[in-house]
Each structure stands twice: as structure tokens, then as C-alpha cells.
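Take a look at the structure set out below.
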Amino acid sequence: MDVSTEKPDKHPTKKTVHGELPPSWVRVVIVLLLLISLLVSSLSILALLYQSGDLLILAKENARAMIGIPWAGGAAFIVVLVLRTSFGEIDFKFLGMSFAGASGPIVMWVLCFLVEVYAIQLLWET
């Protein structure tokens, strides 16, 4: 009778496809750096716009384009990275097409970005 003292691993390591995925800590660091850069860049733009009257007028008239769109792109990228970090490779079907491998994250980013831009357009008061 063979009695093993090792407990089975509740969370077995995910197999990577040809070493494609970087370690999860690398992805977490990238997400945090992107979030910090989005915050710093937005705050620096706001500070610059505050100091210059001409740019302040431009920013008020086009705030969706100057602030909203870059935030939407960064947020879509963070969503894709978090999904990939949490659940591994992104494979999904959309409108009868299957997206796997490298196309999965790219198409997911485009869809997230377009939804966020559409939400900005819908919810922005003019």
C-alpha cells in the first residue's frame, strides 16, 4: 500500500503554448505601470491645460478626444491583460468567427476599445 504524504496541488500550473505567456508577475507589473502612466499623463495634461488659457479652451471643447479616447485605449489593454492573467490564453467566438492564438487578444482589445468609445459618446453630455 503506497501512502503519499504530498497533497495534490489545488491550482496546477497552467501550461504555456511554446513559452508564449510571460510569467503572471510580469503581466501584473505591466498592468500597474500602464495604470500609473495613464494617471501621470492625464494629470500632467490637466496641469498643462490649467496653466495655458488657449489649451484649456481646446480641452473643454474636445475633452472626449484628448482625455477619453486615450483612457479607453489604456483601459481596453488592461482588460485584455487582466483576462489573460486570470484565465490564460484568450479564445472566443464572435459573429460566427473563432479567434484564437494571437488574434484573440487583438480582437478583444478592439472590441473593448470600441465599446468604451461608444459609451463615452453615449454618456457624454453636450
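Identifiers in the C-alpha cells: chain A, B, ... in order shown; residue index from 1 per chain; ligand index from 1 in order shown.
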DSSP alpha helix (DSSP H) residues within segment 22-109 of chain A, as a PyMOL selection string: chain A and resi 24-51+53-61+63+69-87+103-109
Contacts of Ile120 of chain A at 10 Å (only C-alpha atoms; same-chain gap of 4+ positions) as number ranges by chain: A: 64-65, 68-69, 72, 114-116, 124-125
DSSP-assigned strand (DSSP E) among segment 30-113 of chain A, expressed as a PyMOL selection string: chain A and resi 92-94+97-99
Residues from last step as file, C-alpha atoms, as a short mmCIF file (atom, residue, chain, number, x, y, z; two decimals), in the first residue's frame:
```
data_model
loop_
_atom_site.label_atom_id
_atom_site.label_comp_id
_atom_site.auth_asym_id
_atom_site.auth_seq_id
_atom_site.Cartn_x
_atom_site.Cartn_y
_atom_site.Cartn_z
CA PHE A 92 -13.56 33.19 -28.19
CA LYS A 93 -16.18 33.15 -30.94
CA PHE A 94 -17.82 36.35 -32.17
CA MET A 97 -15.86 33.62 -36.31
CA SER A 98 -13.38 31.94 -33.97
CA PHE A 99 -10.46 33.93 -32.60
#
```
Near-Ile106 of chain A list (12 Å; only C-alpha atoms; drop same-chain fewer than 2 positions) as an MDAnalysis selection string: chainID A and resid 76:77 79:81 84 89:92 99:104 108:113
I need the chosen residues saved as a PDB file, in the first residue's frame, with C-alpha atoms.
```pdb
ATOM      1  CA  ALA A  76      -9.116  48.141 -23.023  1.00  0.00           C
ATOM      2  CA  PHE A  77      -5.494  46.990 -22.902  1.00  0.00           C
ATOM      3  CA  VAL A  79      -8.916  44.445 -19.560  1.00  0.00           C
ATOM      4  CA  VAL A  80      -7.199  42.171 -22.088  1.00  0.00           C
ATOM      5  CA  LEU A  81      -4.126  41.737 -19.851  1.00  0.00           C
ATOM      6  CA  ARG A  84      -5.148  36.812 -19.934  1.00  0.00           C
ATOM      7  CA  GLU A  89      -4.994  32.317 -23.412  1.00  0.00           C
ATOM      8  CA  ILE A  90      -7.949  34.253 -24.854  1.00  0.00           C
ATOM      9  CA  ASP A  91     -10.004  32.184 -27.294  1.00  0.00           C
ATOM     10  CA  PHE A  92     -13.556  33.191 -28.193  1.00  0.00           C
ATOM     11  CA  PHE A  99     -10.461  33.930 -32.596  1.00  0.00           C
ATOM     12  CA  ALA A 100      -7.543  32.043 -31.052  1.00  0.00           C
ATOM     13  CA  GLY A 101      -3.829  32.478 -30.577  1.00  0.00           C
ATOM     14  CA  ALA A 102      -2.513  35.971 -31.288  1.00  0.00           C
ATOM     15  CA  SER A 103      -5.780  37.162 -32.843  1.00  0.00           C
ATOM     16  CA  GLY A 104      -7.745  36.595 -29.630  1.00  0.00           C
ATOM     17  CA  MET A 108     -10.682  41.512 -27.744  1.00  0.00           C
ATOM     18  CA  TRP A 109      -8.797  44.825 -27.389  1.00  0.00           C
ATOM     19  CA  VAL A 110     -10.518  46.288 -30.452  1.00  0.00           C
ATOM     20  CA  LEU A 111     -13.953  45.225 -29.185  1.00  0.00           C
ATOM     21  CA  CYS A 112     -13.295  46.620 -25.678  1.00  0.00           C
ATOM     22  CA  PHE A 113     -11.951  49.862 -27.131  1.00  0.00           C
TER      23      PHE A 113
END
```
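The spacing separating atom CA of Met66 of chain A from atom CA of Ile78 of chain A amounts to 19.3 Å.
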Leu39 of chain A surroundings by only C-alpha atoms, 12 Å radius, close-in-sequence under 3 positions cut, as a list in words: Leu32, Leu33, Leu34, Leu35, Ile36, Ser42, Leu43, Ser44, Ile45, Leu46, Ile67, Pro70, Trp71, Gly74 and Ala75 of chain A
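Across the model, the gap from atom CA of Ser52 of chain A to atom CA of Gln121 of chain A is 26.6 Å.
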